[in-house]
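Peer 1: Dumping the structure here so I can ask a few things about it.
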Amino acid sequence: MLTSAIEKVVNLISPYECMICGKQDCVVCDECWTRNANTRVSSCFWCNSLSEKGKTCKMCATKTSLSGATVPYRFNGLVKECIYELKYYSNREMARFLASQVAESIDSTQFDFISFVPTTGRNQRRRGYNQAKLLAKEISIMSGLHFVTALARVQHVDQIGLNRNERLSAIRDNFVAIDGFSGKRVLLVDDVITTGATLNECAKTLKQSGVKSVWSIAVAKK
Ligand SMILES: [Zn+2]
Ligand SMILES: [Zn+2]
């Protein structure tokens, strides 16, 4: 109640306007989004070869734990600006907007729960929020999928002085699965996919804890 009252006041003081044309009451208007957001073709998140709906290709399916990733946009131009806005200003309206742009790409009947990739400890501690979590909550509202916290990040490992292999095992130890989702199909939200290594680690951790399958949805891929 209090939050929504504060939100209303904030909206009165600073109404949203389209980042490009200045149209009122939206963070980006439909016309500007359609004209400026670069879509991408569906591909395997791991090797980038073309694949229907972002399903992990046969070659990579033996090497990764993620069944596939739905990533409708390329990380450049307007999309990049919007994600920046979400990352550094915790803009709930932007989270809602980006969620609405990607939510329609998924079939919610294919999943039991929606969750999110925990952010790297140090950055999140400084900012105090997680943009993937913000997106996941909004997609949950739009899709009707039940929102859960399925993963936690264990204490940050100082990687200075470690060799490559030690560093890889440090990354592997970074996530821990939260019990209660055994046999379930999890949709894991992230904002941007870079190499896919983090998602792969998250999926592996979840599968090891008994989760049946993990699919990801992200706004953009680098
Ligand atoms: Zn506009
Ligand atoms: Zn592949």
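Identifiers for the structure tokens are assigned positionally: chains receive A, B, ... in sequence, residues are indexed from 1 per chain, and ligands are indexed from 1 in the order shown.
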Just want the residues within 9 Å of ligand 1, written as JSON, numbers by chain, counting only C-alpha atoms and all ligand atoms.
Peer 2: {"A": [17, 18, 19, 20, 21, 22, 23, 24, 26, 27, 28, 29, 30, 31, 32, 33]}
Peer 1: Can you check which parts of chain A lie within 6 Å of ligand 2? Per residue, the shortest pair of atoms and distance in Å to one decimal, counting only C-alpha atoms and all ligand atoms, sorted by chain and number, as JSON lines.
Peer 2:
```
{"residue": "A:Cys44", "atom": "CA", "partner": "ligand 2", "partner_atom_place_in_ligand_line": "1 (Zn)", "distance": 4.6}
{"residue": "A:Trp46", "atom": "CA", "partner": "ligand 2", "partner_atom_place_in_ligand_line": "1 (Zn)", "distance": 5.0}
{"residue": "A:Cys47", "atom": "CA", "partner": "ligand 2", "partner_atom_place_in_ligand_line": "1 (Zn)", "distance": 4.1}
{"residue": "A:Ser49", "atom": "CA", "partner": "ligand 2", "partner_atom_place_in_ligand_line": "1 (Zn)", "distance": 5.7}
{"residue": "A:Thr56", "atom": "CA", "partner": "ligand 2", "partner_atom_place_in_ligand_line": "1 (Zn)", "distance": 5.6}
{"residue": "A:Cys57", "atom": "CA", "partner": "ligand 2", "partner_atom_place_in_ligand_line": "1 (Zn)", "distance": 4.3}
{"residue": "A:Met59", "atom": "CA", "partner": "ligand 2", "partner_atom_place_in_ligand_line": "1 (Zn)", "distance": 5.7}
{"residue": "A:Cys60", "atom": "CA", "partner": "ligand 2", "partner_atom_place_in_ligand_line": "1 (Zn)", "distance": 4.3}
```
Peer 1: Of the candidates A:Thr149, A:Asn174, A:Thr205, A:Ser105, which shows the shortest atom-to-atom distance to Ala218 in chain A, using only C-alpha atoms?
Peer 2: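 The closest residue to Ala218 in chain A is A:Ser105.
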Peer 1: Extract, using only C-alpha atoms, all DNA, RNA and protein residues at most 12 Å from range 190-194 of chain A, discarding same-chain residues fewer than 6 positions from it, and format them as a PyMOL selection string.
Peer 2: chain A and resi 44-48+69-76+79-80+82-87+94-95+98-99+102+114-119+130-137+139+200+202+215-222
Peer 1: Using DSSP assignments from the backbone, pull out every residue in range 5-138 of chain A that falls under helix (DSSP H, G or I) and give it to me as an MDAnalysis selection string.
Peer 2: chainID A and resid 5:13 30:36 52:54 58:61 77:89 92:103 108:110 121:127 131:138
Peer 1: Enter the distance from CA of Gly196 in chain A to CA of Ser100 in chain A, in Å, rounded to one decimal.
Peer 2: 22.9 Å
Peer 1: Could you check the closest approach to Asn91 in chain A for each of A:Ser108, A:Tyr16, A:Ser143, A:Val189 and tell me which residue wins, using only C-alpha atoms?
Peer 2: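 Smallest separation from Asn91 in chain A among the options: A:Tyr16.
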Peer 1: If we count only C-alpha atoms, what is near Gly183 in chain A at a cut-off of 9 Å, once residues fewer than 5 positions away on the same chain are taken out, given as a PyMOL selection string?
Peer 2: chain A and resi 210-213
Peer 1: Convert the current residue selection to file output with N, CA, C and O atoms, as a PDB file, in the first residue's frame.
Peer 2:
```
ATOM      1  N   GLY A 210      17.937 -31.739  -8.916  1.00  0.00           N
ATOM      2  CA  GLY A 210      16.753 -32.535  -9.237  1.00  0.00           C
ATOM      3  C   GLY A 210      15.719 -31.849 -10.122  1.00  0.00           C
ATOM      4  O   GLY A 210      14.700 -32.444 -10.483  1.00  0.00           O
ATOM      5  N   VAL A 211      15.965 -30.570 -10.472  1.00  0.00           N
ATOM      6  CA  VAL A 211      15.056 -29.858 -11.374  1.00  0.00           C
ATOM      7  C   VAL A 211      15.016 -30.605 -12.711  1.00  0.00           C
ATOM      8  O   VAL A 211      16.037 -31.080 -13.202  1.00  0.00           O
ATOM      9  N   LYS A 212      13.814 -30.737 -13.279  1.00  0.00           N
ATOM     10  CA  LYS A 212      13.653 -31.544 -14.498  1.00  0.00           C
ATOM     11  C   LYS A 212      14.270 -30.862 -15.721  1.00  0.00           C
ATOM     12  O   LYS A 212      15.004 -31.484 -16.491  1.00  0.00           O
ATOM     13  N   SER A 213      13.948 -29.583 -15.922  1.00  0.00           N
ATOM     14  CA  SER A 213      14.506 -28.883 -17.078  1.00  0.00           C
ATOM     15  C   SER A 213      14.606 -27.390 -16.800  1.00  0.00           C
ATOM     16  O   SER A 213      13.862 -26.840 -15.989  1.00  0.00           O
TER      17      SER A 213
END
```
Peer 1: How many Å separate CA of Leu187 in chain A from CA of Phe111 in chain A?
Peer 2: 6.2 Å
Peer 1: Pick out each residue of range 63-100 of chain A that DSSP on the backbone tags as strand (DSSP E); I need them as a list in words.
Peer 2: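 Here is the list: Gly68, Ala69, Thr70, Tyr73 and Arg74 of chain A.
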Peer 1: Can you work out the spacing between CA of Val186 in chain A and CA of Tyr89 in chain A in Å, to one decimal?
Peer 2: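 Rounded to one decimal, the two atoms are 27.8 Å apart.
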